[in-house]
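S.K.: Following this line is query-v6.json, made up of JSON, C-alpha atoms:
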[["chain", "number", "residue", "atom", "x", "y", "z"],
["B", 25, "MET", "CA", 0.00, 0.00, 0.00],
["B", 26, "LEU", "CA", 1.30, 3.46, -0.89],
["B", 27, "LEU", "CA", 2.12, 5.87, 1.93],
["B", 28, "LYS", "CA", -0.60, 8.29, 0.83],
["B", 29, "ASP", "CA", -3.14, 5.45, 1.14],
["B", 30, "VAL", "CA", -1.83, 4.50, 4.59],
["B", 31, "ALA", "CA", -2.11, 8.14, 5.67],
["B", 32, "TYR", "CA", -5.64, 8.34, 4.27],
["B", 33, "GLN", "CA", -6.74, 5.19, 6.12],
["B", 34, "GLU", "CA", -5.17, 6.24, 9.42],
["B", 35, "ILE", "CA", -6.54, 9.80, 9.43],
["B", 36, "LYS", "CA", -9.99, 8.58, 8.39],
["B", 37, "ALA", "CA", -9.99, 5.94, 11.14],
["B", 38, "LYS", "CA", -9.20, 8.62, 13.73],
["B", 39, "ILE", "CA", -12.10, 10.73, 12.41],
["B", 40, "LEU", "CA", -14.54, 7.80, 12.37],
["B", 41, "GLU", "CA", -13.62, 6.84, 15.93],
["B", 42, "GLU", "CA", -13.73, 10.52, 16.96],
["B", 43, "HIS", "CA", -10.12, 10.60, 18.09],
["B", 44, "TYR", "CA", -10.24, 13.68, 15.88],
["B", 45, "GLU", "CA", -13.57, 15.22, 16.83],
["B", 46, "ALA", "CA", -15.95, 17.20, 14.64],
["B", 47, "GLY", "CA", -14.98, 20.88, 14.68],
["B", 48, "GLN", "CA", -11.42, 20.15, 15.77],
["B", 49, "PHE", "CA", -8.61, 21.99, 14.02],
["B", 50, "LEU", "CA", -5.63, 19.93, 12.89],
["B", 51, "SER", "CA", -2.28, 20.98, 11.51],
["B", 52, "GLU", "CA", -0.06, 19.24, 9.01],
["B", 53, "ARG", "CA", 2.67, 19.23, 11.67],
["B", 54, "THR", "CA", 0.42, 17.36, 14.11],
["B", 55, "LEU", "CA", -0.43, 14.76, 11.47],
["B", 56, "ILE", "CA", 3.20, 14.41, 10.38],
["B", 57, "ASP", "CA", 4.25, 13.82, 14.01],
["B", 58, "GLU", "CA", 1.41, 11.42, 14.84],
["B", 59, "LEU", "CA", 1.68, 9.35, 11.68],
["B", 60, "GLY", "CA", 5.45, 9.52, 11.39],
["B", 61, "MET", "CA", 5.29, 10.47, 7.72],
["B", 62, "SER", "CA", 6.53, 13.23, 5.47],
["B", 63, "LYS", "CA", 4.39, 16.11, 4.22],
["B", 64, "THR", "CA", 3.63, 14.71, 0.74],
["B", 65, "PRO", "CA", 1.54, 11.61, 1.66],
["B", 66, "ILE", "CA", -0.29, 13.65, 4.32],
["B", 67, "LYS", "CA", -1.20, 16.33, 1.76],
["B", 68, "ASN", "CA", -2.41, 13.69, -0.73],
["B", 69, "ALA", "CA", -4.49, 12.02, 1.97],
["B", 70, "LEU", "CA", -6.10, 15.34, 2.93],
["B", 71, "VAL", "CA", -7.09, 16.07, -0.67],
["B", 72, "ARG", "CA", -8.93, 12.74, -0.78],
["B", 73, "LEU", "CA", -10.54, 13.21, 2.63],
["B", 74, "GLU", "CA", -11.70, 16.69, 1.66],
["B", 75, "SER", "CA", -13.28, 15.35, -1.55],
["B", 76, "GLU", "CA", -15.21, 12.83, 0.58],
["B", 77, "GLY", "CA", -16.41, 15.51, 3.00],
["B", 78, "PHE", "CA", -14.45, 14.46, 6.08],
["B", 79, "VAL", "CA", -12.30, 17.59, 6.35],
["B", 80, "THR", "CA", -12.06, 21.11, 5.01],
["B", 81, "VAL", "CA", -8.59, 22.41, 4.20],
["B", 82, "SER", "CA", -8.16, 26.18, 4.34],
["B", 83, "SER", "CA", -4.99, 28.16, 3.71],
["B", 84, "LYS", "CA", -6.04, 30.56, 6.49],
["B", 85, "GLN", "CA", -7.64, 28.30, 9.10],
["B", 86, "GLY", "CA", -5.79, 25.05, 8.49],
["B", 87, "ILE", "CA", -7.55, 21.68, 8.57],
["B", 88, "ILE", "CA", -10.94, 21.34, 10.23],
["B", 89, "VAL", "CA", -12.72, 18.05, 10.86],
["B", 90, "ASN", "CA", -16.21, 18.24, 9.39],
["B", 91, "ASP", "CA", -19.29, 17.08, 11.23],
["B", 92, "ILE", "CA", -22.22, 15.39, 9.51],
["B", 93, "SER", "CA", -25.22, 17.69, 9.51],
["B", 94, "ILE", "CA", -28.53, 16.57, 11.02],
["B", 95, "GLU", "CA", -30.12, 17.06, 7.60],
["B", 96, "ARG", "CA", -27.56, 14.81, 5.91],
["B", 97, "ILE", "CA", -27.90, 12.08, 8.54],
["B", 98, "ASN", "CA", -31.68, 12.15, 8.07],
["B", 99, "ASP", "CA", -31.29, 12.00, 4.29],
["B", 100, "ILE", "CA", -28.83, 9.08, 4.51],
["B", 101, "TYR", "CA", -31.19, 7.10, 6.73],
["B", 102, "ASN", "CA", -34.11, 7.73, 4.37],
["B", 103, "LEU", "CA", -31.98, 6.63, 1.42],
["B", 104, "ARG", "CA", -31.02, 3.45, 3.26],
["B", 105, "ILE", "CA", -34.65, 2.68, 4.08],
["B", 106, "ALA", "CA", -35.62, 2.99, 0.42],
["B", 107, "LEU", "CA", -32.72, 0.93, -0.92],
["B", 108, "GLU", "CA", -32.48, -1.73, 1.77],
["B", 109, "THR", "CA", -36.19, -2.51, 1.93],
["B", 110, "PHE", "CA", -36.03, -2.94, -1.85],
["B", 111, "ASN", "CA", -33.11, -5.33, -1.36],
["B", 112, "CYS", "CA", -35.13, -7.47, 1.05],
["B", 113, "GLN", "CA", -38.11, -7.41, -1.34],
["B", 114, "GLU", "CA", -35.84, -8.73, -4.09],
["B", 115, "LEU", "CA", -34.03, -11.34, -1.99],
["B", 116, "TYR", "CA", -36.48, -12.99, 0.42],
["B", 117, "HIS", "CA", -37.80, -15.55, -2.11],
["B", 118, "ARG", "CA", -34.48, -16.49, -3.71],
["B", 119, "ILE", "CA", -31.74, -16.35, -1.10],
["B", 120, "THR", "CA", -29.44, -19.39, -1.26],
["B", 121, "GLU", "CA", -28.20, -21.67, 1.53],
["B", 122, "GLU", "CA", -24.67, -20.39, 0.97],
["B", 123, "GLN", "CA", -25.83, -16.78, 1.34],
["B", 124, "LEU", "CA", -27.77, -17.63, 4.49],
["B", 125, "LYS", "CA", -24.66, -19.28, 5.92],
["B", 126, "GLU", "CA", -22.67, -16.07, 5.30],
["B", 127, "LEU", "CA", -25.28, -14.02, 7.15],
["B", 128, "GLU", "CA", -25.43, -16.58, 9.98],
["B", 129, "ASP", "CA", -21.65, -16.39, 10.39],
["B", 130, "ASN", "CA", -21.84, -12.60, 10.53],
["B", 131, "VAL", "CA", -24.65, -12.69, 13.12],
["B", 132, "GLN", "CA", -22.72, -15.13, 15.30],
["B", 133, "VAL", "CA", -19.65, -12.87, 15.44],
["B", 134, "THR", "CA", -21.96, -9.86, 15.91],
["B", 135, "LYS", "CA", -23.46, -11.60, 18.96],
["B", 136, "GLU", "CA", -20.00, -11.90, 20.52],
["B", 137, "ALA", "CA", -19.22, -8.25, 19.78],
["B", 138, "ALA", "CA", -22.55, -7.23, 21.36],
["B", 139, "GLU", "CA", -21.88, -9.30, 24.48],
["B", 140, "ASN", "CA", -18.44, -7.70, 24.81],
["B", 141, "LYS", "CA", -19.82, -4.22, 24.09],
["B", 142, "ASP", "CA", -17.13, -3.92, 21.41],
["B", 143, "VAL", "CA", -18.75, -1.03, 19.56],
["B", 144, "LYS", "CA", -15.92, -0.62, 17.05],
["B", 145, "LEU", "CA", -16.12, -4.25, 15.88],
["B", 146, "PHE", "CA", -19.91, -4.21, 16.11],
["B", 147, "ALA", "CA", -20.16, -1.18, 13.80],
["B", 148, "THR", "CA", -18.00, -2.93, 11.21],
["B", 149, "LEU", "CA", -20.02, -6.17, 11.39],
["B", 150, "ASP", "CA", -23.29, -4.24, 11.28],
["B", 151, "HIS", "CA", -22.41, -2.70, 7.94],
["B", 152, "GLU", "CA", -21.05, -5.98, 6.59],
["B", 153, "PHE", "CA", -24.46, -7.55, 7.27],
["B", 154, "HIS", "CA", -26.35, -4.86, 5.38],
["B", 155, "LEU", "CA", -23.84, -4.78, 2.53],
["B", 156, "ALA", "CA", -23.91, -8.57, 2.14],
["B", 157, "ILE", "CA", -27.67, -8.49, 1.60],
["B", 158, "SER", "CA", -27.20, -5.85, -1.10],
["B", 159, "GLU", "CA", -24.47, -7.86, -2.80],
["B", 160, "PHE", "CA", -26.67, -10.99, -2.79],
["B", 161, "VAL", "CA", -29.39, -9.07, -4.65],
["B", 162, "GLY", "CA", -26.91, -8.30, -7.40],
["B", 163, "ASN", "CA", -27.97, -4.73, -8.17],
["B", 164, "LYS", "CA", -24.54, -3.19, -8.62],
["B", 165, "GLU", "CA", -25.82, 0.39, -8.59],
["B", 166, "ILE", "CA", -27.49, 0.00, -5.19],
["B", 167, "THR", "CA", -24.39, -1.65, -3.77],
["B", 168, "ARG", "CA", -22.23, 1.12, -5.21],
["B", 169, "VAL", "CA", -24.37, 3.78, -3.51],
["B", 170, "LEU", "CA", -24.20, 1.98, -0.16],
["B", 171, "LEU", "CA", -20.44, 1.55, -0.52],
["B", 172, "ASN", "CA", -20.06, 5.26, -1.25],
["B", 173, "TYR", "CA", -21.78, 6.05, 2.06],
["B", 174, "GLN", "CA", -20.13, 3.23, 4.00],
["B", 175, "ASP", "CA", -17.63, 5.33, 5.97],
["B", 176, "HIS", "CA", -20.19, 7.99, 6.85],
["B", 177, "LEU", "CA", -22.62, 5.23, 7.90],
["B", 178, "ARG", "CA", -19.96, 3.66, 10.12],
["B", 179, "ARG", "CA", -19.26, 7.06, 11.68],
["B", 180, "ILE", "CA", -22.97, 7.48, 12.42],
["B", 181, "THR", "CA", -23.22, 3.97, 13.88],
["B", 182, "LEU", "CA", -20.15, 4.45, 16.09],
["B", 183, "ARG", "CA", -21.58, 7.71, 17.43],
["B", 184, "HIS", "CA", -24.90, 5.94, 18.00],
["B", 185, "LEU", "CA", -23.30, 3.18, 20.05],
["B", 186, "LYS", "CA", -20.90, 5.39, 22.00],
["B", 187, "LYS", "CA", -23.91, 7.40, 23.14],
["B", 188, "ASP", "CA", -25.51, 4.21, 24.47],
["B", 189, "PRO", "CA", -23.46, 0.97, 24.15],
["B", 190, "GLY", "CA", -26.56, -0.99, 25.22],
["B", 191, "ARG", "CA", -28.03, -0.38, 21.78],
["B", 192, "VAL", "CA", -25.81, -3.15, 20.39],
["B", 193, "GLU", "CA", -28.23, -5.68, 21.88],
["B", 194, "LYS", "CA", -31.21, -4.12, 20.10],
["B", 195, "PHE", "CA", -29.43, -3.85, 16.76],
["B", 196, "TYR", "CA", -28.17, -7.44, 17.06],
["B", 197, "SER", "CA", -31.64, -8.84, 17.86],
["B", 198, "GLU", "CA", -33.11, -6.99, 14.87],
["B", 199, "HIS", "CA", -30.50, -8.52, 12.57],
["B", 200, "VAL", "CA", -31.53, -11.93, 13.92],
["B", 201, "GLU", "CA", -35.18, -11.16, 13.11],
["B", 202, "VAL", "CA", -34.32, -10.16, 9.53],
["B", 203, "LEU", "CA", -32.20, -13.28, 9.10],
["B", 204, "ASP", "CA", -34.93, -15.56, 10.50],
["B", 205, "ALA", "CA", -37.44, -14.10, 8.04],
["B", 206, "LEU", "CA", -35.01, -14.63, 5.16],
["B", 207, "LYS", "CA", -34.47, -18.25, 6.25],
["B", 208, "THR", "CA", -38.17, -19.00, 5.94],
["B", 209, "GLY", "CA", -38.66, -16.98, 2.74],
["B", 210, "ASP", "CA", -40.99, -14.63, 4.57],
["B", 211, "ILE", "CA", -41.75, -11.25, 2.98],
["B", 212, "LYS", "CA", -41.99, -9.95, 6.55],
["B", 213, "CYS", "CA", -38.23, -9.29, 6.28],
["B", 214, "VAL", "CA", -39.06, -6.15, 4.26],
["B", 215, "GLU", "CA", -41.02, -4.58, 7.12],
["B", 216, "LEU", "CA", -38.47, -5.79, 9.66],
["B", 217, "MET", "CA", -35.67, -4.06, 7.78],
["B", 218, "LYS", "CA", -37.72, -0.88, 7.48],
["B", 219, "LYS", "CA", -38.52, -0.95, 11.22],
["B", 220, "HIS", "CA", -34.86, -1.60, 12.07],
["B", 221, "LEU", "CA", -33.60, 1.40, 10.11],
["B", 222, "LEU", "CA", -36.48, 3.72, 11.01],
["B", 223, "GLU", "CA", -36.13, 3.08, 14.74],
["B", 224, "SER", "CA", -32.38, 3.46, 14.47],
["B", 225, "LYS", "CA", -32.90, 6.88, 12.90],
["B", 226, "MET", "CA", -35.38, 7.92, 15.58],
["B", 227, "MET", "CA", -33.05, 6.77, 18.38],
["B", 228, "TYR", "CA", -30.16, 8.72, 16.88],
["B", 229, "PHE", "CA", -32.06, 11.99, 17.22],
["B", 230, "GLN", "CA", -33.24, 11.34, 20.77]]
Starting from the file, lay out its structure as structure tokens.

M.R.:
Amino acid sequence: MLLKDVAYQEIKAKILEEHYEAGQFLSERTLIDELGMSKTPIKNALVRLESEGFVTVSSKQGIIVNDISIERINDIYNLRIALETFNCQELYHRITEEQLKELEDNVQVTKEAAENKDVKLFATLDHEFHLAISEFVGNKEITRVLLNYQDHLRRITLRHLKKDPGRVEKFYSEHVEVLDALKTGDIKCVELMKKHLLESKMMYFQ
């Protein structure tokens, strides 16, 4: 992996995990010291992060970590509800045993993460579950959209769970409900997915 890509991944991870908090000002010198890299890969990483909306780079103010606006979070949730309920509608009657096994494996590891209150791992597994369902459907455009929002979604989920780590149990149990409906070929999985995402959105704003 190129140094600029390593720098990008490390800075983004610190933003997602709120080691660098929204509204915080950073300097190239701070990043150079913390990452142990030269100026060039840091600059390249910042260009990419700015294009994705994670930071704003100003010649006068320096580097500021961007927050996600309430409006954007609401819009992202509504987009997910539309796309992911469609995915369940498309998949419930044709999911394969192999695909079910992949979801079962994910849910089993998710259970362990929930029991350990490992919110970082849980957030990753949570999005792998949703993304797997999209990939099984085979609509590449929907999957591409979800992938484009993946890091912002993980940031939202991490913030969700840090606010109340107990929510991992609720999110885990709702994944189990969706999986059980898919196992029996029950169209109920569509409403379960909608309820899961809608309640998640409502809880976020509480």

S.K.: What does the distance from atom CA of B:Thr54 to atom CA of B:Asp142 come to in Å, to one decimal?

M.R.: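 Atom CA of B:Asp142 lies 28.5 Å from atom CA of B:Thr54.
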
S.K.: Just want the 12 Å neighbourhood of B:Arg72, counted on only C-alpha atoms, with same-chain residues fewer than 3 positions away dropped. Output as a PyMOL selection string.

M.R.: chain B and resi 28-29+31-33+35-36+65-69+75-81

S.K.: Using only C-alpha atoms, I'd like a table of the residues in stretch 146-174 of chain B that come within 9 Å of stretch 186-200 of chain B; for each, show the closest atom pair and its distance in Å rounded to one decimal, ordered by chain and ascending number, as JSON lines.

M.R.:
{"residue": "B:Phe146", "atom": "CA", "partner": "B:Val192", "partner_atom": "CA", "distance": 7.4}
{"residue": "B:Ala147", "atom": "CA", "partner": "B:Val192", "partner_atom": "CA", "distance": 8.9}
{"residue": "B:Asp150", "atom": "CA", "partner": "B:Tyr196", "partner_atom": "CA", "distance": 8.2}
{"residue": "B:Phe153", "atom": "CA", "partner": "B:His199", "partner_atom": "CA", "distance": 8.1}

S.K.: Just checking: using all atoms listed in the file, which residue out of B:Asn140, B:Thr120, B:Ser224, B:Asn111 ends up closest to B:Leu170?

M.R.: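 Of B:Asn140, B:Thr120, B:Ser224, B:Asn111, the one nearest B:Leu170, counting all atoms listed in the file, is B:Asn111.
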
S.K.: What's around B:Ile166 at 9 Å? Count all atoms listed in the file, leave out sequence neighbours fewer than 6 positions away in its own chain, and write the answer as a ChimeraX atom specification.

M.R.: /B:107-108,111,158-159

S.K.: Using all atoms listed in the file, which residue out of B:Thr181, B:Ser93, B:Asn163, B:Gln174 lies closest to B:Ala46?

M.R.: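 Of the candidates, the smallest distance to B:Ala46 is held by B:Ser93.
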
S.K.: What residues have an atom no more than 10 Å from (-37.9, -6.2, -1.3) in the file's own frame, counting all atoms listed in the file, and can you write them as a list in words?

M.R.: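 Within 10 Å of (-37.9, -6.2, -1.3), the protein and nucleic acid residues are Ala106, Leu107, Glu108, Thr109, Phe110, Asn111, Cys112, Gln113, Glu114, Leu115, Tyr116, His117, Val161, Ile211, Lys212, Cys213, Val214, Glu215 and Met217 of chain B.
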
S.K.: Give me, please, the distance in Å between atom CA of B:Tyr44 and atom CA of B:Val133, quoted to one decimal.

M.R.: 28.2 Å

S.K.: For the point (-34.6, -16.3, 1.7) in the file's frame, write as a list in words all residues with an atom no more than 6 Å away, counting all atoms listed in the file.

M.R.: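 Final list of nearby residues, as requested, is Tyr116, His117, Arg118, Ile119, Leu206, Lys207 and Gly209 of chain B.
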
S.K.: Hey, can you check how far atom CA of B:Ala156 sits from atom CA of B:Asp91?

M.R.: 27.6 Å

S.K.: In terms of the shortest atom-to-atom distance over all atoms listed in the file, which of B:Leu50, B:Val143, B:Ile87, B:Ala37 is closest to B:His176?

M.R.: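 Nearest candidate to B:His176 out of B:Leu50, B:Val143, B:Ile87, B:Ala37: B:Ala37.
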